[in-house]
Structures are given as structure tokens and as C-alpha cells.
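Note: the block below is protein.tsv and it holds TSV, C-alpha atoms.
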chain	number	residue	atom	x	y	z
A	1	MET	CA	157.47	130.74	98.09
A	2	GLU	CA	155.06	129.71	95.34
A	3	GLN	CA	155.10	126.17	96.73
A	4	LEU	CA	154.28	127.51	100.21
A	5	LYS	CA	151.48	129.65	98.80
A	6	ARG	CA	150.03	126.61	97.00
A	7	ILE	CA	150.08	124.57	100.23
A	8	ILE	CA	148.43	127.34	102.27
A	9	LEU	CA	145.78	128.02	99.64
A	10	LYS	CA	145.11	124.36	98.87
A	11	ASP	CA	141.74	124.39	100.62
A	12	ARG	CA	139.80	126.32	103.27
A	13	TYR	CA	141.08	124.13	106.12
A	14	SER	CA	144.78	124.66	105.39
A	15	LEU	CA	144.16	128.42	105.05
A	16	LEU	CA	142.25	128.52	108.36
A	17	VAL	CA	144.96	126.58	110.18
A	18	THR	CA	147.66	128.83	108.72
A	19	THR	CA	145.80	132.01	109.68
A	20	ILE	CA	145.22	130.77	113.23
A	21	VAL	CA	148.84	129.62	113.61
A	22	VAL	CA	150.15	133.02	112.47
A	23	TYR	CA	147.64	134.77	114.78
A	24	MET	CA	148.68	132.72	117.81
A	25	ALA	CA	152.38	133.03	116.99
A	26	VAL	CA	152.13	136.84	116.85
A	27	LEU	CA	150.13	136.95	120.10
A	28	MET	CA	152.49	134.62	121.94
A	29	LEU	CA	155.58	136.41	120.68
A	30	GLU	CA	154.15	139.76	121.75
A	31	GLY	CA	153.18	138.28	125.12
A	32	LEU	CA	156.71	136.95	125.62
A	33	LEU	CA	158.37	140.20	124.57
A	34	THR	CA	156.13	142.51	126.62
A	35	GLY	CA	155.73	140.14	129.57
A	36	ARG	CA	151.94	140.16	129.46
A	37	GLU	CA	150.83	138.25	132.54
A	38	ALA	CA	147.56	136.77	133.72
A	39	ARG	CA	145.70	138.62	136.40
A	40	VAL	CA	144.95	136.21	139.22
A	41	ILE	CA	141.28	135.67	139.95
A	42	ASP	CA	141.10	136.70	143.56
A	43	LEU	CA	137.67	136.81	145.13
A	44	GLU	CA	137.71	138.64	148.41
A	45	ASN	CA	134.83	137.54	150.53
A	46	PRO	CA	134.72	137.14	154.31
A	47	TYR	CA	132.79	133.89	153.94
A	48	PHE	CA	134.75	132.39	151.09
A	49	ASP	CA	138.40	132.84	150.16
A	50	PHE	CA	139.54	131.42	146.77
A	51	ASN	CA	142.89	132.13	145.09
A	52	VAL	CA	143.57	130.09	141.93
A	53	GLU	CA	147.29	130.97	141.97
A	54	ASP	CA	147.84	128.90	145.09
A	55	TRP	CA	145.76	125.89	144.16
A	56	GLU	CA	147.89	123.36	146.09
A	57	ARG	CA	147.57	125.28	149.33
A	58	PHE	CA	143.86	125.61	148.71
A	59	GLN	CA	143.59	121.85	148.23
A	60	GLN	CA	145.57	121.18	151.44
A	61	THR	CA	143.54	123.63	153.57
A	62	ARG	CA	140.24	122.33	152.19
A	63	ASP	CA	141.13	118.66	152.24
A	64	PRO	CA	139.39	117.12	155.29
A	65	SER	CA	141.95	115.02	157.13
A	66	PRO	CA	140.67	111.85	158.92
A	67	ASP	CA	140.97	113.42	162.39
A	68	GLN	CA	138.94	116.49	161.28
A	69	ALA	CA	136.11	114.57	159.53
B	1	MET	CA	145.38	152.51	89.38
B	2	ASN	CA	141.71	152.06	88.51
B	3	SER	CA	140.15	155.54	88.69
B	4	LEU	CA	136.77	153.94	89.40
B	5	LEU	CA	137.99	152.30	92.63
B	6	PRO	CA	136.65	155.00	95.01
B	7	ALA	CA	133.27	154.95	93.26
B	8	GLN	CA	133.26	151.14	93.38
B	9	PHE	CA	134.02	151.20	97.08
B	10	VAL	CA	131.23	153.68	97.79
B	11	ALA	CA	128.88	151.44	95.78
B	12	LEU	CA	129.95	148.48	97.94
B	13	LEU	CA	129.23	150.48	101.10
B	14	ARG	CA	125.80	151.43	99.74
B	15	ARG	CA	125.17	147.77	99.01
B	16	GLU	CA	125.95	146.86	102.63
B	17	VAL	CA	123.54	149.49	103.92
B	18	LEU	CA	120.76	148.54	101.50
B	19	GLU	CA	121.07	144.82	102.27
B	20	ASN	CA	121.13	145.34	106.04
B	21	ARG	CA	118.64	148.14	106.57
B	22	ALA	CA	116.88	146.15	109.28
B	23	LEU	CA	120.04	145.94	111.39
B	24	PHE	CA	121.47	149.40	110.70
B	25	ILE	CA	118.38	151.61	110.53
B	26	ALA	CA	115.23	149.80	111.64
B	27	ALA	CA	116.66	148.30	114.84
B	28	PRO	CA	117.86	151.60	116.39
B	29	ALA	CA	114.75	153.41	115.12
B	30	VAL	CA	112.48	150.88	116.84
B	31	LEU	CA	114.58	151.12	120.01
B	32	ALA	CA	114.28	154.93	119.91
B	33	LEU	CA	110.51	154.64	119.46
B	34	VAL	CA	110.13	152.19	122.33
B	35	LEU	CA	112.25	154.29	124.70
B	36	SER	CA	110.44	157.49	123.69
B	37	VAL	CA	107.02	155.91	124.29
B	38	PHE	CA	108.22	154.60	127.66
B	39	ALA	CA	109.57	158.02	128.63
B	40	LEU	CA	106.31	159.73	127.57
B	41	TRP	CA	104.29	157.24	129.59
B	42	ALA	CA	106.51	157.80	132.66
B	43	ILE	CA	106.31	161.60	132.30
B	44	SER	CA	102.53	161.53	131.84
B	45	MET	CA	102.17	160.09	135.36
B	46	ALA	CA	103.43	163.38	136.88
B	47	PRO	CA	101.26	166.50	137.22
B	48	GLY	CA	101.85	169.31	134.72
B	49	GLU	CA	103.13	171.80	137.33
B	50	GLN	CA	105.72	169.32	138.52
B	51	LEU	CA	106.88	168.73	134.98
B	52	ALA	CA	107.13	172.48	134.35
B	53	ALA	CA	109.18	172.86	137.55
B	54	GLY	CA	111.45	170.08	136.31
B	55	VAL	CA	111.88	171.83	132.95
B	56	GLU	CA	112.70	175.10	134.71
B	57	TYR	CA	115.23	173.29	136.91
B	58	LEU	CA	116.94	171.75	133.86
B	59	SER	CA	116.99	175.11	132.11
B	60	ILE	CA	118.60	176.87	135.07
B	61	MET	CA	121.06	174.00	135.64
B	62	PHE	CA	122.36	174.01	132.06
B	63	ASP	CA	122.23	177.76	131.51
B	64	GLY	CA	125.71	179.07	130.63
B	65	LEU	CA	127.49	175.73	131.09
B	66	SER	CA	130.07	174.56	128.56
B	67	PRO	CA	128.48	171.97	126.23
B	68	GLY	CA	131.85	170.18	125.94
B	69	GLU	CA	132.06	169.64	129.68
B	70	MET	CA	128.44	168.51	130.02
B	71	ALA	CA	128.47	166.26	126.94
B	72	PRO	CA	129.72	163.05	128.67
B	73	MET	CA	126.55	163.14	130.80
B	74	PHE	CA	124.48	162.53	127.65
B	75	LEU	CA	126.34	159.31	126.88
B	76	MET	CA	124.25	157.72	129.66
B	77	PRO	CA	120.92	157.79	127.73
B	78	ALA	CA	122.86	156.49	124.70
B	79	ILE	CA	123.87	153.26	126.50
B	80	PRO	CA	120.93	151.18	125.15
B	81	PHE	CA	121.89	152.32	121.65
B	82	ILE	CA	125.53	151.36	122.24
B	83	MET	CA	124.42	147.87	123.30
B	84	MET	CA	122.10	147.61	120.31
B	85	LEU	CA	124.98	148.69	118.05
B	86	TYR	CA	127.25	145.93	119.35
B	87	ALA	CA	124.51	143.28	119.03
B	88	CYS	CA	123.63	144.31	115.45
B	89	VAL	CA	127.26	144.47	114.38
B	90	LEU	CA	127.88	141.00	115.82
B	91	ILE	CA	124.96	139.56	113.83
B	92	TYR	CA	126.08	141.45	110.72
B	93	LEU	CA	129.69	140.24	110.85
B	94	LEU	CA	128.74	136.59	111.38
B	95	ASN	CA	126.46	136.73	108.33
B	96	ALA	CA	128.57	139.08	106.20
B	97	LEU	CA	130.54	136.45	104.29
B	98	TYR	CA	128.24	133.50	105.10
B	99	GLN	CA	124.79	134.56	103.95
B	100	ASP	CA	125.69	135.11	100.30
B	101	ARG	CA	127.33	131.66	100.17
B	102	LYS	CA	124.25	130.13	101.79
B	103	ASP	CA	121.83	131.67	99.28
B	104	LEU	CA	124.33	131.29	96.38
B	105	SER	CA	124.24	135.01	95.54
B	106	VAL	CA	128.02	134.90	95.96
B	107	TYR	CA	128.27	133.67	92.36
B	108	PHE	CA	126.56	136.85	91.20
B	109	TRP	CA	128.76	139.11	93.33
B	110	GLN	CA	131.94	137.32	92.29
B	111	SER	CA	131.00	137.83	88.64
B	112	MET	CA	131.15	141.58	89.32
B	113	PRO	CA	134.47	143.40	88.65
B	114	VAL	CA	135.10	143.76	92.40
B	115	SER	CA	137.97	142.11	94.25
B	116	ASN	CA	137.58	139.98	97.37
B	117	LEU	CA	139.74	142.54	99.18
B	118	GLY	CA	137.32	145.33	98.25
B	119	THR	CA	134.33	143.26	99.33
B	120	VAL	CA	135.80	142.37	102.75
B	121	LEU	CA	137.16	145.88	103.36
B	122	SER	CA	133.75	147.36	102.56
B	123	LYS	CA	132.27	145.26	105.36
B	124	VAL	CA	134.99	146.37	107.78
B	125	VAL	CA	134.52	150.05	106.89
B	126	THR	CA	130.74	149.65	107.18
B	127	VAL	CA	131.13	148.47	110.78
B	128	ILE	CA	133.77	151.05	111.73
B	129	ALA	CA	132.45	154.20	110.07
B	130	VAL	CA	129.02	153.80	108.49
B	131	VAL	CA	126.85	152.02	111.07
B	132	PRO	CA	127.67	154.44	113.95
B	133	ALA	CA	126.60	157.33	111.69
B	134	PHE	CA	123.05	155.91	111.47
B	135	TYR	CA	122.89	155.57	115.24
B	136	VAL	CA	124.08	159.16	115.64
B	137	ALA	CA	121.40	160.35	113.21
B	138	ILE	CA	118.65	158.54	115.11
B	139	LEU	CA	119.92	159.81	118.46
B	140	PHE	CA	119.96	163.35	117.02
B	141	VAL	CA	116.28	163.03	116.13
B	142	VAL	CA	115.48	161.68	119.60
B	143	TYR	CA	117.34	164.53	121.35
B	144	LEU	CA	115.77	167.13	119.06
B	145	LEU	CA	112.25	165.85	119.74
B	146	ALA	CA	112.93	165.63	123.48
B	147	VAL	CA	114.24	169.21	123.73
B	148	THR	CA	111.39	170.48	121.55
B	149	ALA	CA	108.83	168.73	123.77
B	150	LEU	CA	110.46	170.08	126.94
B	151	SER	CA	110.59	173.60	125.49
B	152	LEU	CA	106.93	173.53	124.47
B	153	LEU	CA	105.97	172.20	127.91
B	154	GLY	CA	108.00	174.92	129.61
B	155	LEU	CA	106.57	177.67	127.39
B	156	SER	CA	103.03	176.48	128.02
B	157	TYR	CA	103.62	176.93	131.75
B	158	ASP	CA	105.54	180.19	131.21
B	159	VAL	CA	108.82	179.01	132.76
B	160	GLU	CA	112.40	179.84	131.80
B	161	VAL	CA	113.59	177.57	128.94
B	162	ALA	CA	116.63	179.43	127.56
B	163	GLY	CA	119.02	177.02	129.30
B	164	LEU	CA	117.54	174.12	127.31
B	165	GLY	CA	119.53	175.45	124.35
B	166	TYR	CA	122.76	174.77	126.23
B	167	MET	CA	121.41	171.34	127.17
B	168	PHE	CA	120.69	170.62	123.49
B	169	MET	CA	124.20	171.74	122.50
B	170	ALA	CA	125.66	169.41	125.14
B	171	ALA	CA	123.51	166.58	123.76
B	172	ILE	CA	124.74	167.32	120.20
B	173	PHE	CA	128.34	167.40	121.41
B	174	SER	CA	127.74	164.02	123.04
B	175	LEU	CA	126.82	162.65	119.61
B	176	PHE	CA	130.35	163.45	118.42
B	177	LEU	CA	131.65	161.58	121.48
B	178	PHE	CA	129.29	158.69	120.68
B	179	TYR	CA	130.59	158.48	117.09
B	180	VAL	CA	134.22	158.77	118.14
B	181	SER	CA	133.69	156.14	120.88
B	182	ALA	CA	132.04	153.75	118.42
B	183	PHE	CA	134.76	154.40	115.81
B	184	LEU	CA	137.58	153.80	118.26
B	185	ALA	CA	135.82	150.81	119.84
B	186	ALA	CA	135.53	149.24	116.37
B	187	LEU	CA	139.24	149.83	115.73
B	188	TRP	CA	140.01	148.44	119.20
B	189	LEU	CA	137.91	145.38	118.36
B	190	LEU	CA	139.42	144.94	114.88
B	191	PRO	CA	140.83	141.53	115.91
B	192	THR	CA	137.29	140.45	116.88
B	193	ILE	CA	135.95	141.85	113.60
B	194	GLY	CA	138.61	139.91	111.69
B	195	TRP	CA	137.91	136.72	113.69
B	196	LEU	CA	134.17	136.89	112.96
B	197	LEU	CA	134.74	137.65	109.27
B	198	LEU	CA	137.22	134.76	109.01
B	199	PHE	CA	134.69	132.27	110.34
B	200	SER	CA	131.86	133.88	108.41
B	201	ALA	CA	133.90	133.13	105.26
B	202	PHE	CA	135.02	129.68	106.42
B	203	ALA	CA	131.97	127.99	107.95
B	204	LYS	CA	129.56	125.99	105.84
B	205	ARG	CA	127.06	126.07	108.72
B	206	THR	CA	126.65	127.85	112.08
B	207	PRO	CA	129.52	130.34	111.88
B	208	VAL	CA	128.81	131.52	115.44
B	209	LEU	CA	129.57	128.06	116.84
B	210	TRP	CA	132.76	127.83	114.80
B	211	ALA	CA	133.93	131.28	115.91
B	212	LEU	CA	133.22	130.63	119.58
B	213	GLY	CA	134.27	126.99	119.66
B	214	VAL	CA	137.62	127.48	117.95
B	215	PHE	CA	138.40	130.43	120.21
B	216	ILE	CA	137.74	128.42	123.37
B	217	LEU	CA	139.65	125.45	121.94
B	218	LEU	CA	142.65	127.64	121.11
B	219	GLY	CA	142.87	128.82	124.70
B	220	LEU	CA	142.73	125.27	125.98
B	221	VAL	CA	145.28	123.98	123.47
B	222	GLU	CA	147.69	126.82	124.29
B	223	ASP	CA	147.44	126.02	127.97
B	224	LEU	CA	147.84	122.27	127.41
B	225	ILE	CA	150.76	122.42	124.99
B	226	PHE	CA	152.70	125.50	126.10
B	227	GLY	CA	151.40	126.02	129.64
B	228	THR	CA	150.79	129.71	128.86
B	229	GLN	CA	147.72	131.92	128.70
B	230	PHE	CA	148.79	134.64	126.29
B	231	LEU	CA	145.50	134.49	124.38
B	232	GLY	CA	143.46	134.81	127.56
B	233	ASN	CA	145.76	137.55	128.91
B	234	TRP	CA	145.49	139.53	125.71
B	235	VAL	CA	141.69	139.27	125.55
B	236	GLU	CA	141.45	140.21	129.21
B	237	SER	CA	143.67	143.26	128.65
B	238	ARG	CA	141.19	144.53	126.05
B	239	SER	CA	138.00	143.86	128.01
B	240	ASN	CA	137.77	146.85	130.35
B	241	PHE	CA	134.58	148.82	129.58
B	242	ARG	CA	136.49	152.11	130.02
B	243	GLN	CA	138.42	151.24	126.86
B	244	TYR	CA	135.20	151.53	124.83
B	245	ILE	CA	134.06	155.00	125.88
B	246	VAL	CA	135.71	158.31	124.99
B	247	LEU	CA	134.86	161.31	127.14
B	248	ASP	CA	136.91	163.97	125.33
B	249	PHE	CA	139.04	164.37	122.22
B	250	PRO	CA	142.50	164.30	123.89
B	251	MET	CA	141.50	160.89	125.30
B	252	ALA	CA	140.52	159.81	121.78
B	253	MET	CA	143.92	160.78	120.36
B	254	ASP	CA	145.77	159.01	123.19
B	255	ARG	CA	143.70	155.88	122.59
B	256	LEU	CA	144.16	155.99	118.80
B	257	PHE	CA	147.96	156.19	118.90
B	258	SER	CA	148.54	153.82	121.82
B	259	TYR	CA	150.68	150.69	121.47
B	260	ASP	CA	147.77	148.36	122.31
B	261	MET	CA	145.62	149.93	119.59
B	262	LEU	CA	148.36	149.64	116.95
B	263	PHE	CA	149.15	146.05	117.90
B	264	GLY	CA	145.43	145.22	117.75
B	265	LEU	CA	145.31	146.70	114.23
B	266	VAL	CA	148.17	144.40	113.19
B	267	VAL	CA	146.44	141.33	114.63
B	268	GLY	CA	143.14	142.37	113.05
B	269	ALA	CA	144.87	142.79	109.68
B	270	ILE	CA	146.18	139.19	109.90
B	271	LEU	CA	142.69	137.81	110.48
B	272	ILE	CA	141.09	140.04	107.82
B	273	THR	CA	143.74	138.88	105.32
B	274	GLY	CA	142.73	135.31	106.14
B	275	ALA	CA	139.08	136.24	105.51
B	276	VAL	CA	139.97	137.82	102.14
B	277	TYR	CA	141.78	134.68	100.94
B	278	MET	CA	139.05	132.46	102.43
B	279	ARG	CA	136.54	134.21	100.15
B	280	ARG	CA	137.94	132.37	97.13
B	281	PHE	CA	136.66	129.04	98.50
B	282	VAL	CA	133.05	129.24	97.37
B	283	ASP	CA	130.96	126.17	98.15

Let me see the file written as C-alpha cells.
Amino acid sequence: MEQLKRIILKDRYSLLVTTIVVYMAVLMLEGLLTGREARVIDLENPYFDFNVEDWERFQQTRDPSPDQA
Amino acid sequence: MNSLLPAQFVALLRREVLENRALFIAAPAVLALVLSVFALWAISMAPGEQLAAGVEYLSIMFDGLSPGEMAPMFLMPAIPFIMMLYACVLIYLLNALYQDRKDLSVYFWQSMPVSNLGTVLSKVVTVIAVVPAFYVAILFVVYLLAVTALSLLGLSYDVEVAGLGYMFMAAIFSLFLFYVSAFLAALWLLPTIGWLLLFSAFAKRTPVLWALGVFILLGLVEDLIFGTQFLGNWVESRSNFRQYIVLDFPMAMDRLFSYDMLFGLVVGAILITGAVYMRRFVD
């Protein structure tokens, strides 16, 4: 434990990395346990319809095929 | 336990206020002055009889109403002060552990018999509990002057002004809501407070760029390596403006003892601990 403490407190960079790693680990663990999910960006607009969840379909519908160009 | 610890901590809080008077006192005072002058200029455009009729209308509208129920209405004129509070606190936190390293006064403060934990906690408590109190005091003066001016105007035109007392009580009650909202918002944003303090203690230059840049980079790295967006999801779940305003005390209690609040306190404590240990690395 003392060895670990010496490594973490060796300099400001190792301490920063350790703090950020612990922070991200706690957030990701909590996200996994509680099932926190992203809200899809869904802009409803009669002139423009964009749904990032279905990017492949968006690419296919927007991709001008040779006979449509 | 050191019996002088509470007195030491109060001295640290006083130090924070004295060193940041411009942010905590002058900024909201100037904002209050500017808004008051603007309001006076706008009111002066209307004829006196119209103003008196307006005062009478307000008096009749508020007469007999419960101040507690009408108080949320007075959070609307406090919105510029809420925005000023957030801006000043952001500037304060980024400089809190950076400025004294930049001007080398950190050597003086570290020669004092005060721990790094006490120093960092004093800055956290300043943001959570002390700074909102100054804003409440300034808003109280603004509301008092406004009601006094309206009452004098109404009396000079011999209109009913008794209801303005109820309006003033509602405005005072709204100051409690303002303080509780600011207090709970600061607790809700404890992870942000800890993040800013961490980079304020870490950065040798431009702590704002470090704080922002590392945050954006973390999100990208998480997505690239793990294919997840837990950081983004978590930030997004805490970014609804309704989470920053309290309209009554039952709402405040529900917010204070909610799971999201308690988890945020844990995450904030991790980052603040990092800031406390970071303090030992003086340039």
C-alpha cells in the first residue's frame, strides 16, 4: 500500500492520471450497474430529418445513387 | 482534536471573501445598480398616473395572498443574479488553487499551520454556502428599495399600497428559495467544482484549457476504447435547468436526498481529494 501511495504521489502527472482513472472507473461502473443510456439526438423538423442512432440508414437514404444524380 | 480548528476554518473562509471581494460582492452590487438604473429609466418614461395605477394594481393583486405560494414568481427577476453567480464561481474556482502558485504566495500560505485539506475545503464551502449569502443580501437591498419606491409613489398619488407588504414578504421568501437553490445547485455540481479545483491545482498555465480539454478528450477516449458514452450520459443527466431551481422546501428535501445527488457527492469527493493531494506539488 505504501508502495502504491509512493507511485501515485510521485509527481503531479501520476496523481492526475490516477484521479481521472478512478473518476472514470466509478462513473462507468455506475453507468453499467444502473443502465444509464444515451438519449438519442432526434431533431424533428418537417424540412430536415436527422437521427444519429440510425446512421447507416441515413447514409443510404442520403447517398445519391448514379441513376438519381 | 485541535480546538482551534473551527476558528481556523472561519478564518480561511474570511480570507476567501477578503481576497475575492470583486467577484463575491462588487460584481452583484454593480449588476444590481445597473438593473436598478435601467428599471428607473424605463419607469420614468410612463406618466405618473399610469405608474400609480400600476402600483394600485400590484397592491390589490398581492393583498392577502400567501407569500410562500407567490415566492417562486420572484425568482424571475433574480435570474441575472443567478447567471452572474455561476460566472463568478467559475472564475473563482479556476483561480482558487492556481493564482497563489502563479504569484508565489502559496509559500506563505503553506508556512501557515493550515492543512491542504482545510484550504481546499474552505474554497468548496465558500462556493456552496458563503457566496450565495452575499447575493441574497444584495437582492434583499434591491427588493427593499423597490418596494419602498413603489410605496412612496403610491402614497404620493393616494392609492392603496397595503398589499405591497404581502408582495415584499413574497420577495423575501423568494430569497430563501434563491439561497436554497444556489446551495443545492452547488452540491449538485460538486463534481464540476472538484474538476475545476483539480485542474486549478494541477495546471502550470491556463487551467481553463486544461479543464475543458481533458474533459473533451476523456469523452473521446472512452468512446474510442470502450465504445461507451457513460461520461456524456452522466453529464447530460445532470444538465436539465429544472435541476438547478427549487420552488418549495419539500422539493429541496427530495433533491437533497436523491440517489443522483448522493452519487454526485461521491464523485465530487473523489475529485476534491485529488485536488487536496495535488496541492502538495508546488512549482

Residues within 8 Å of Gly264 in chain B, all atoms listed in the file, excluding chain neighbours under 2 positions, as a list in words: Leu187, Trp188, Leu189, Leu190, Pro191, Asp260, Met261, Leu262, Val266, Val267 and Gly268 of chain B

One-decimal distance in Å that lies between CA of Met83 in chain B and CA of Phe140 in chain B: 17.3 Å

Give me the residues of chain B that have any atom at most 8 Å from an atom of chain A; for each, the nearest atom pair and the distance in Å, rounded to one decimal. Use only C-alpha atoms, sort by chain and number, and format it as CSV.
residue,atom,partner,partner_atom,distance
B:Phe202,CA,A:Arg12,CA,6.6
B:Gln229,CA,A:Ala38,CA,7.0
B:Phe230,CA,A:Met28,CA,5.7
B:Leu231,CA,A:Leu27,CA,6.8
B:Gly232,CA,A:Ala38,CA,7.7
B:Asn233,CA,A:Ala38,CA,5.2
B:Trp234,CA,A:Arg36,CA,7.5
B:Val267,CA,A:Tyr23,CA,6.7
B:Ile270,CA,A:Tyr23,CA,6.7
B:Leu271,CA,A:Thr19,CA,6.6
B:Gly274,CA,A:Thr19,CA,5.7
B:Tyr277,CA,A:Leu15,CA,7.9
B:Met278,CA,A:Arg12,CA,6.2
B:Phe281,CA,A:Arg12,CA,6.3

May I have the protein, DNA and RNA residues with any atom at most 8 Å from the point (120.4, 166.2, 125.9), counting all atoms listed in the file, written as a PDB file with C-alpha atoms, in the frame of the given file?
ATOM      1  CA  PHE B  74     124.480 162.530 127.650  1.00  0.00           C
ATOM      2  CA  TYR B 143     117.340 164.530 121.350  1.00  0.00           C
ATOM      3  CA  ALA B 146     112.930 165.630 123.480  1.00  0.00           C
ATOM      4  CA  VAL B 147     114.240 169.210 123.730  1.00  0.00           C
ATOM      5  CA  MET B 167     121.410 171.340 127.170  1.00  0.00           C
ATOM      6  CA  PHE B 168     120.690 170.620 123.490  1.00  0.00           C
ATOM      7  CA  MET B 169     124.200 171.740 122.500  1.00  0.00           C
ATOM      8  CA  ALA B 170     125.660 169.410 125.140  1.00  0.00           C
ATOM      9  CA  ALA B 171     123.510 166.580 123.760  1.00  0.00           C
ATOM     10  CA  ILE B 172     124.740 167.320 120.200  1.00  0.00           C
TER      11      ILE B 172
END

Point (129.2, 125.6, 102.0) neighbourhood (10 Å, only C-alpha atoms) written as a list of chain:residue names: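 Protein and nucleic acid residues near the point are B:Tyr98, B:Arg101, B:Lys102, B:Asp103, B:Leu104, B:Ala201, B:Phe202, B:Ala203, B:Lys204, B:Arg205, B:Phe281, B:Val282, B:Asp283.
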
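In this model, the gap between CA of Gly154 in chain B and CA of Ala52 in chain B comes to 5.4 Å.
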
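Pairwise distance (CA of Leu13 in chain B, CA of Leu209 in chain B) equals 27.4 Å.
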
Close residues, Met73 in chain B itself excluded, 9 Å, only C-alpha atoms, min 2 positions apart in chain, as a ChimeraX atom specification: /B:69-71,75-77,170-171,174

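The nearest approach to Thr192 in chain B among the residues B:Ala129, B:Leu212, B:Val136, B:Leu117, with all atoms listed in the file taken into account, belongs to B:Leu212.
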
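Of the listed residues (B:Leu5, B:Ser59, B:Ile91, B:Ala39), B:Ile91 comes nearest to Pro207 in chain B; the distances count all atoms listed in the file.
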